[in-house]
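> I'd like to ask you about the structure that follows.
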Amino acid sequence: MFLTIDHVTKRFGDKTVLQDVHLQVERGQFVALLGPSGCGKTTLLNALAGLVDLDGGRIEIDGRVLSTRGHTVIPEQRQVGMVFQDFALWPHMTVFDNVAFGLKIRRDPRATIRERVEQVLATVQMQGFETRYPHQLSGGQKQRVAIARALAPAPTVLLLDEPLSSLDAKLREEMRWELLSIIQQAGTTAVYVTHDQVEALSMADHVVVMHQGRVEQQGAPTAIYQHPETVFTAAFLGASNLFRGQVSERGVGEVTVECSGFSVRATAGKATGGEATVAVRPSDIELILGDAEPPVRDGTWLSATVRQRAFHGMSWQYRLETDGPIPQRIEVWHAGQVATGSRVSLFLPLEACRTVAESPLEREVTVAAQA
């Protein structure tokens, strides 16, 4: 394996910010570290860069141990590149000098520096900007220069700390495509920190969901989105309806969960005890109007009333309330327009309903409360 993060632990005082983090990355792979603020993803990136020491575990790149407890190879000897959230360009240097900075520090020949700078500026489509200063560039152009500077020394691993967060929405989407193309063209291994699920799912080969300093779940974007294993992953990685209840029946690969006011059939997934939580994506729920043909498949039927709606261009977001003595709110995404107050039927396909487990931290809290 090209990059190994082997059971890494990091503490700041009494606070453990990384706890037994384990991750293996293949050469040329694009990995996204995804999670909310404070989950430890930036600390892990800084540990990869050599900016923080470890309290436990090991970091190894291409067979070379870079970090263990009591031993940290300094950043300039790691052959890693870093793209920061705020670009961090030298304001008094031209584009050329910013990109050439790392090459000059390691004392490359002048001709080699010029050739390499021209090469990476061409890669990020910034030819002709060599003599400009950062204040003369747009946000997207600054980002390209920051990427070129990180790529110039030909790093073995490129580290990116939320590099698109300071851009406006339209430019952010454009740069997402461009950044992915640049990294693919460079053929470098990339570790990308973000709290934006769209960035993680659309750019990465491998997504690592982090929560409270731990790896909650990791895998291919499609697999981790379609098959969340925990309540946290289901809720954080895309919108989910979560229904908690008691398992009343068990079948082959499926369970029936009695929730407040209704029952849901779901794939067995992580249902292990008497209680279970069922997750279902809003886009997987079928909204059936009175004259629509109902599906003939295994699943759960519910009656509900539309309470709120919002238009999102390609679809409508509906918040509905189920019938019964204990109404529950359900979110559904539907292409058609339905008036607020309308009564509708909802179909939850069996294959779209999946039981999920509590997160490791939540399980610890539950056990402590029961002790």
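We label chains A, B, ... in the order they appear in the structure tokens, count residues from 1 in each chain, and number ligands from 1 in the order shown.
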Please provide the set of residues having any atom within 10 Å of A:Val247, restricted to only C-alpha atoms, with same-chain residues fewer than 6 positions apart removed, written as a PyMOL selection string.
chain A and resi 255-259+263-265+271-277
> For A:Ile182, please output as a list in words all residues within 9 Å (counting only C-alpha atoms; exclusion window: fewer than 5 positions along the same chain).
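What passes the distance filter is Thr123, Val124, Ile147, Trp177 and Gly187 of chain A.
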> Write the residues of the preceding selection, restricted to N, CA and C atoms, as a PDB file, in the first residue's frame.

```pdb
ATOM      1  N   THR A 123      -0.359  23.297 -16.786  1.00  0.00           N
ATOM      2  CA  THR A 123      -1.277  22.283 -16.275  1.00  0.00           C
ATOM      3  C   THR A 123      -2.521  22.911 -15.655  1.00  0.00           C
ATOM      4  N   VAL A 124      -2.337  24.048 -14.960  1.00  0.00           N
ATOM      5  CA  VAL A 124      -3.478  24.705 -14.316  1.00  0.00           C
ATOM      6  C   VAL A 124      -4.032  25.848 -15.171  1.00  0.00           C
ATOM      7  N   ILE A 147      -2.444  25.680  -6.299  1.00  0.00           N
ATOM      8  CA  ILE A 147      -2.314  24.278  -6.708  1.00  0.00           C
ATOM      9  C   ILE A 147      -1.007  24.075  -7.472  1.00  0.00           C
ATOM     10  N   TRP A 177     -14.546  20.720 -10.933  1.00  0.00           N
ATOM     11  CA  TRP A 177     -14.227  19.964 -12.148  1.00  0.00           C
ATOM     12  C   TRP A 177     -12.766  20.180 -12.545  1.00  0.00           C
ATOM     13  N   GLY A 187      -1.444  12.930 -12.001  1.00  0.00           N
ATOM     14  CA  GLY A 187      -1.246  11.551 -11.595  1.00  0.00           C
ATOM     15  C   GLY A 187      -0.785  11.391 -10.165  1.00  0.00           C
TER      16      GLY A 187
END
```
> Step one, run DSSP on the backbone; step two, keep only residues of stretch 180-279 of chain A assigned to strand (DSSP E); then write them as an MDAnalysis selection string.
chainID A and resid 189:194 206:211 214:219 241:250 254:258 263:267 275:279
> Deliver the residues from the most recent selection as a file, using N, CA and C atoms, as a short mmCIF file (atom, residue, chain, number, x, y, z; two decimals), in the first residue's frame.

```cif
data_model
loop_
_atom_site.label_atom_id
_atom_site.label_comp_id
_atom_site.auth_asym_id
_atom_site.auth_seq_id
_atom_site.Cartn_x
_atom_site.Cartn_y
_atom_site.Cartn_z
N THR A 189 -1.18 11.22 -5.90
CA THR A 189 -2.08 10.76 -4.85
C THR A 189 -2.57 11.97 -4.07
N ALA A 190 -3.86 12.04 -3.80
CA ALA A 190 -4.43 13.23 -3.17
C ALA A 190 -5.25 12.86 -1.94
N VAL A 191 -5.09 13.65 -0.89
CA VAL A 191 -5.93 13.55 0.30
C VAL A 191 -6.59 14.90 0.49
N TYR A 192 -7.90 14.92 0.47
CA TYR A 192 -8.69 16.15 0.36
C TYR A 192 -9.62 16.27 1.57
N VAL A 193 -9.46 17.33 2.34
CA VAL A 193 -10.31 17.56 3.51
C VAL A 193 -11.49 18.44 3.11
N THR A 194 -12.70 18.04 3.50
CA THR A 194 -13.88 18.84 3.20
C THR A 194 -15.00 18.50 4.17
N HIS A 206 -12.36 7.38 -2.91
CA HIS A 206 -12.55 6.75 -1.60
C HIS A 206 -12.94 7.84 -0.61
N VAL A 207 -14.03 7.66 0.11
CA VAL A 207 -14.51 8.64 1.08
C VAL A 207 -14.35 8.08 2.48
N VAL A 208 -13.78 8.91 3.37
CA VAL A 208 -13.60 8.55 4.77
C VAL A 208 -14.45 9.50 5.61
N VAL A 209 -15.52 9.00 6.20
CA VAL A 209 -16.38 9.82 7.05
C VAL A 209 -15.81 9.79 8.47
N MET A 210 -15.51 10.99 9.00
CA MET A 210 -14.93 11.09 10.34
C MET A 210 -15.92 11.73 11.31
N HIS A 211 -15.85 11.27 12.56
CA HIS A 211 -16.78 11.73 13.59
C HIS A 211 -16.09 11.62 14.94
N ARG A 214 -12.72 9.81 15.05
CA ARG A 214 -12.66 8.42 14.61
C ARG A 214 -13.12 8.30 13.17
N VAL A 215 -12.76 7.19 12.54
CA VAL A 215 -13.30 6.87 11.22
C VAL A 215 -14.64 6.19 11.44
N GLU A 216 -15.70 6.87 11.02
CA GLU A 216 -17.05 6.34 11.18
C GLU A 216 -17.34 5.26 10.14
N GLN A 217 -16.97 5.55 8.89
CA GLN A 217 -17.16 4.59 7.80
C GLN A 217 -16.31 5.06 6.63
N GLN A 218 -15.85 4.12 5.82
CA GLN A 218 -15.08 4.48 4.63
C GLN A 218 -15.39 3.50 3.51
N GLY A 219 -15.21 4.00 2.27
CA GLY A 219 -15.47 3.15 1.12
C GLY A 219 -15.66 3.99 -0.13
N ASN A 241 -34.21 10.04 6.22
CA ASN A 241 -35.25 9.88 7.22
C ASN A 241 -34.81 8.76 8.15
N LEU A 242 -34.86 8.99 9.45
CA LEU A 242 -34.44 8.01 10.44
C LEU A 242 -35.61 7.67 11.35
N PHE A 243 -35.99 6.40 11.37
CA PHE A 243 -37.10 5.93 12.18
C PHE A 243 -36.59 4.91 13.20
N ARG A 244 -36.80 5.19 14.47
CA ARG A 244 -36.33 4.28 15.51
C ARG A 244 -37.52 3.53 16.12
N GLY A 245 -37.32 2.23 16.34
CA GLY A 245 -38.41 1.44 16.91
C GLY A 245 -37.94 0.07 17.36
N GLN A 246 -38.90 -0.80 17.62
CA GLN A 246 -38.64 -2.16 18.09
C GLN A 246 -38.81 -3.15 16.93
N VAL A 247 -37.88 -4.10 16.85
CA VAL A 247 -37.99 -5.15 15.83
C VAL A 247 -39.10 -6.10 16.25
N SER A 248 -40.13 -6.23 15.40
CA SER A 248 -41.28 -7.10 15.71
C SER A 248 -41.24 -8.42 14.95
N GLU A 249 -40.61 -8.41 13.77
CA GLU A 249 -40.52 -9.63 12.97
C GLU A 249 -39.16 -9.69 12.29
N ARG A 250 -38.69 -10.91 12.08
CA ARG A 250 -37.44 -11.13 11.35
C ARG A 250 -37.70 -12.14 10.24
N GLU A 254 -34.37 -9.51 6.18
CA GLU A 254 -35.19 -8.34 6.43
C GLU A 254 -35.79 -8.38 7.82
N VAL A 255 -36.22 -7.20 8.28
CA VAL A 255 -36.89 -7.08 9.57
C VAL A 255 -38.07 -6.13 9.43
N THR A 256 -39.00 -6.24 10.37
CA THR A 256 -40.08 -5.27 10.47
C THR A 256 -39.87 -4.51 11.77
N VAL A 257 -39.84 -3.19 11.67
CA VAL A 257 -39.57 -2.33 12.83
C VAL A 257 -40.83 -1.54 13.15
N GLU A 258 -41.30 -1.67 14.39
CA GLU A 258 -42.48 -0.95 14.85
C GLU A 258 -42.05 0.42 15.37
N SER A 263 -45.35 0.75 11.05
CA SER A 263 -44.27 -0.22 10.97
C SER A 263 -43.58 -0.08 9.61
N VAL A 264 -42.29 -0.40 9.58
CA VAL A 264 -41.48 -0.28 8.36
C VAL A 264 -40.75 -1.59 8.11
N ARG A 265 -40.82 -2.07 6.89
CA ARG A 265 -40.03 -3.24 6.49
C ARG A 265 -38.68 -2.73 5.96
N ALA A 266 -37.61 -3.38 6.39
CA ALA A 266 -36.28 -2.92 6.02
C ALA A 266 -35.33 -4.10 5.87
N THR A 267 -34.28 -3.90 5.09
CA THR A 267 -33.23 -4.91 5.02
C THR A 267 -32.55 -4.99 6.37
N GLU A 275 -34.03 -3.22 19.51
CA GLU A 275 -34.27 -1.91 18.93
C GLU A 275 -33.52 -1.76 17.62
N ALA A 276 -34.03 -0.93 16.74
CA ALA A 276 -33.36 -0.70 15.46
C ALA A 276 -33.71 0.67 14.94
N THR A 277 -32.81 1.24 14.15
CA THR A 277 -33.06 2.51 13.45
C THR A 277 -33.05 2.24 11.96
N VAL A 278 -34.07 2.69 11.27
CA VAL A 278 -34.19 2.50 9.82
C VAL A 278 -33.88 3.82 9.14
N ALA A 279 -33.01 3.78 8.13
CA ALA A 279 -32.67 4.96 7.33
C ALA A 279 -33.20 4.78 5.92
#
```
> Go through A:Gly63, A:Pro349, A:Gly238, A:Gly13 and flag the residue nearest A:Thr300, using only C-alpha atoms for the distances.
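Ranked by minimum distance to A:Thr300, first place goes to A:Pro349.
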> For A:Gln308, list every protein, DNA or RNA residue within 9 Å, evaluated using only C-alpha atoms, and leave out those in the same chain fewer than 3 positions away; present the list as number ranges by chain.
A: 317-320, 339-341
> Would you put the residues from that selection into a file with N, CA, C and O atoms, as a PDB file, in the first residue's frame?

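Listed below is the output, again.pdb:
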```
ATOM      1  N   GLN A 317     -38.875  19.619  -2.640  1.00  0.00           N
ATOM      2  CA  GLN A 317     -38.606  19.024  -1.339  1.00  0.00           C
ATOM      3  C   GLN A 317     -39.883  19.164  -0.510  1.00  0.00           C
ATOM      4  O   GLN A 317     -40.388  20.262  -0.302  1.00  0.00           O
ATOM      5  N   TYR A 318     -40.413  18.027  -0.051  1.00  0.00           N
ATOM      6  CA  TYR A 318     -41.650  18.032   0.724  1.00  0.00           C
ATOM      7  C   TYR A 318     -41.389  17.536   2.142  1.00  0.00           C
ATOM      8  O   TYR A 318     -40.632  16.580   2.354  1.00  0.00           O
ATOM      9  N   ARG A 319     -42.028  18.179   3.090  1.00  0.00           N
ATOM     10  CA  ARG A 319     -42.062  17.675   4.454  1.00  0.00           C
ATOM     11  C   ARG A 319     -43.505  17.301   4.758  1.00  0.00           C
ATOM     12  O   ARG A 319     -44.412  18.131   4.656  1.00  0.00           O
ATOM     13  N   LEU A 320     -43.683  16.034   5.086  1.00  0.00           N
ATOM     14  CA  LEU A 320     -45.012  15.489   5.283  1.00  0.00           C
ATOM     15  C   LEU A 320     -45.171  14.988   6.705  1.00  0.00           C
ATOM     16  O   LEU A 320     -44.194  14.734   7.407  1.00  0.00           O
ATOM     17  N   ALA A 339     -49.711  20.430  -3.763  1.00  0.00           N
ATOM     18  CA  ALA A 339     -50.092  21.553  -2.915  1.00  0.00           C
ATOM     19  C   ALA A 339     -49.942  21.212  -1.436  1.00  0.00           C
ATOM     20  O   ALA A 339     -50.155  20.061  -1.014  1.00  0.00           O
ATOM     21  N   THR A 340     -49.586  22.207  -0.643  1.00  0.00           N
ATOM     22  CA  THR A 340     -49.544  22.050   0.806  1.00  0.00           C
ATOM     23  C   THR A 340     -50.943  21.702   1.312  1.00  0.00           C
ATOM     24  O   THR A 340     -51.937  22.270   0.875  1.00  0.00           O
ATOM     25  N   GLY A 341     -51.026  20.753   2.208  1.00  0.00           N
ATOM     26  CA  GLY A 341     -52.310  20.297   2.727  1.00  0.00           C
ATOM     27  C   GLY A 341     -52.865  19.080   2.006  1.00  0.00           C
ATOM     28  O   GLY A 341     -53.840  18.478   2.470  1.00  0.00           O
TER      29      GLY A 341
END
```
> Using Å and a single decimal, report how far atom CA of A:Arg329 sits from atom CA of A:Ala268.
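So the two atoms, atom CA of A:Ala268 and atom CA of A:Arg329, lie 23.1 Å apart.
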> Could you please determine the separation between atom CA of A:Val117 and atom CA of A:Ala200 in Å, to one decimal place?
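Atom-to-atom, atom CA of A:Val117 and atom CA of A:Ala200 are spaced 29.1 Å apart.
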> Pick from A:Asp298, A:Glu321, A:Asp161, A:Glu60: nearest to A:Leu34, with only C-alpha atoms counted?
A:Asp161
> When you count only C-alpha atoms, which of these residues is closest to A:Val198: A:Ala32, A:Leu23, A:Val306, A:Ala146?
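Of A:Ala32, A:Leu23, A:Val306, A:Ala146, the one nearest A:Val198 is A:Ala32, counting only C-alpha atoms.
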> Could you give me the residues within stretch 239-370 of chain A that DSSP places in helix (DSSP H, G or I), as a PDB file with C-alpha atoms, in the first residue's frame?

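The file below, selection-v4.pdb, is the result:
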```
ATOM      1  CA  PRO A 282     -35.891  11.204   0.647  1.00  0.00           C
ATOM      2  CA  SER A 283     -35.186  10.541  -3.040  1.00  0.00           C
ATOM      3  CA  ASP A 284     -35.991   6.831  -2.608  1.00  0.00           C
ATOM      4  CA  LEU A 350     -37.883  -2.559   0.966  1.00  0.00           C
ATOM      5  CA  GLU A 351     -34.488  -2.330  -0.747  1.00  0.00           C
ATOM      6  CA  ALA A 352     -34.263   1.427   0.046  1.00  0.00           C
ATOM      7  CA  PRO A 360     -19.071   4.038  18.234  1.00  0.00           C
ATOM      8  CA  LEU A 361     -19.296   7.160  20.396  1.00  0.00           C
ATOM      9  CA  GLU A 362     -23.084   6.826  20.695  1.00  0.00           C
ATOM     10  CA  ARG A 363     -22.726   3.163  21.695  1.00  0.00           C
ATOM     11  CA  GLU A 364     -20.309   4.186  24.467  1.00  0.00           C
ATOM     12  CA  VAL A 365     -22.781   6.770  25.752  1.00  0.00           C
ATOM     13  CA  THR A 366     -25.606   4.206  25.670  1.00  0.00           C
ATOM     14  CA  VAL A 367     -23.568   1.619  27.558  1.00  0.00           C
ATOM     15  CA  ALA A 368     -22.518   4.211  30.158  1.00  0.00           C
ATOM     16  CA  ALA A 369     -26.122   5.284  30.654  1.00  0.00           C
ATOM     17  CA  GLN A 370     -27.235   1.673  31.144  1.00  0.00           C
TER      18      GLN A 370
END
```
> Env of stretch 155-158 of chain A: 9 Å cut, atoms = only C-alpha atoms, seq-sep filter 4 positions within chain, self excluded. Answer as a list in words.
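So, after excluding close chain neighbours, the residues are Leu3, Arg27, Gly28, Ile61, Asp62, Arg78, Gln79, Val80, Gly81, Met82, Val83, Ala150, Leu151, Ile183, Thr188, Thr189, Ala190, Val191 and Tyr192 of chain A.
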> For A:Pro327, work out the shell of residues within 8 Å, counting only C-alpha atoms and skipping chain neighbours fewer than 3 positions away, then give it as a PyMOL selection string.
chain A and resi 260-261+321-324
> Atom CA of A:Val25 and atom CA of A:Ala204 are how many Å apart?
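So the answer is 11.9 Å.
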> Give the answer as one residue: which of A:Leu54, A:Ala186, A:Val344, A:Ala49 has the shortest atom-to-atom distance to A:Val21, using only C-alpha atoms?
A:Leu54
> Just the residues within 8 Å of A:Thr230, please, counting only C-alpha atoms, with nothing from its chain fewer than 3 positions along; format it as a list in words.
Glu216, Gln217, Thr233, Ala234, Val356, Ala357, Glu358 and Ser359 of chain A
> For those residues, write C-alpha atoms to a file as a short mmCIF file (atom, residue, chain, number, x, y, z; two decimals), in the first residue's frame.

```cif
data_model
loop_
_atom_site.label_atom_id
_atom_site.label_comp_id
_atom_site.auth_asym_id
_atom_site.auth_seq_id
_atom_site.Cartn_x
_atom_site.Cartn_y
_atom_site.Cartn_z
CA GLU A 216 -17.05 6.34 11.18
CA GLN A 217 -17.16 4.59 7.80
CA THR A 233 -23.18 8.44 8.31
CA ALA A 234 -26.78 8.20 7.12
CA VAL A 356 -28.19 1.32 10.69
CA ALA A 357 -26.15 1.03 13.87
CA GLU A 358 -25.31 3.63 16.46
CA SER A 359 -21.95 5.31 16.04
#
```
> List the neighbours of A:Gly50 out to 7 Å using only C-alpha atoms; skip same-chain residues closer than 6 positions along the sequence, and give me the result as a list in words.
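Near neighbours after the sequence-gap exclusion: Thr72, Val73, Ile74 and Pro75 of chain A.
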> Identify which of the residues A:Phe262, A:Phe96, A:Phe311, A:Trp316 lies closest to A:Gln127, counting only C-alpha atoms when measuring atom-to-atom distances.
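The shortest atom-to-atom distance to A:Gln127 comes from A:Phe96.
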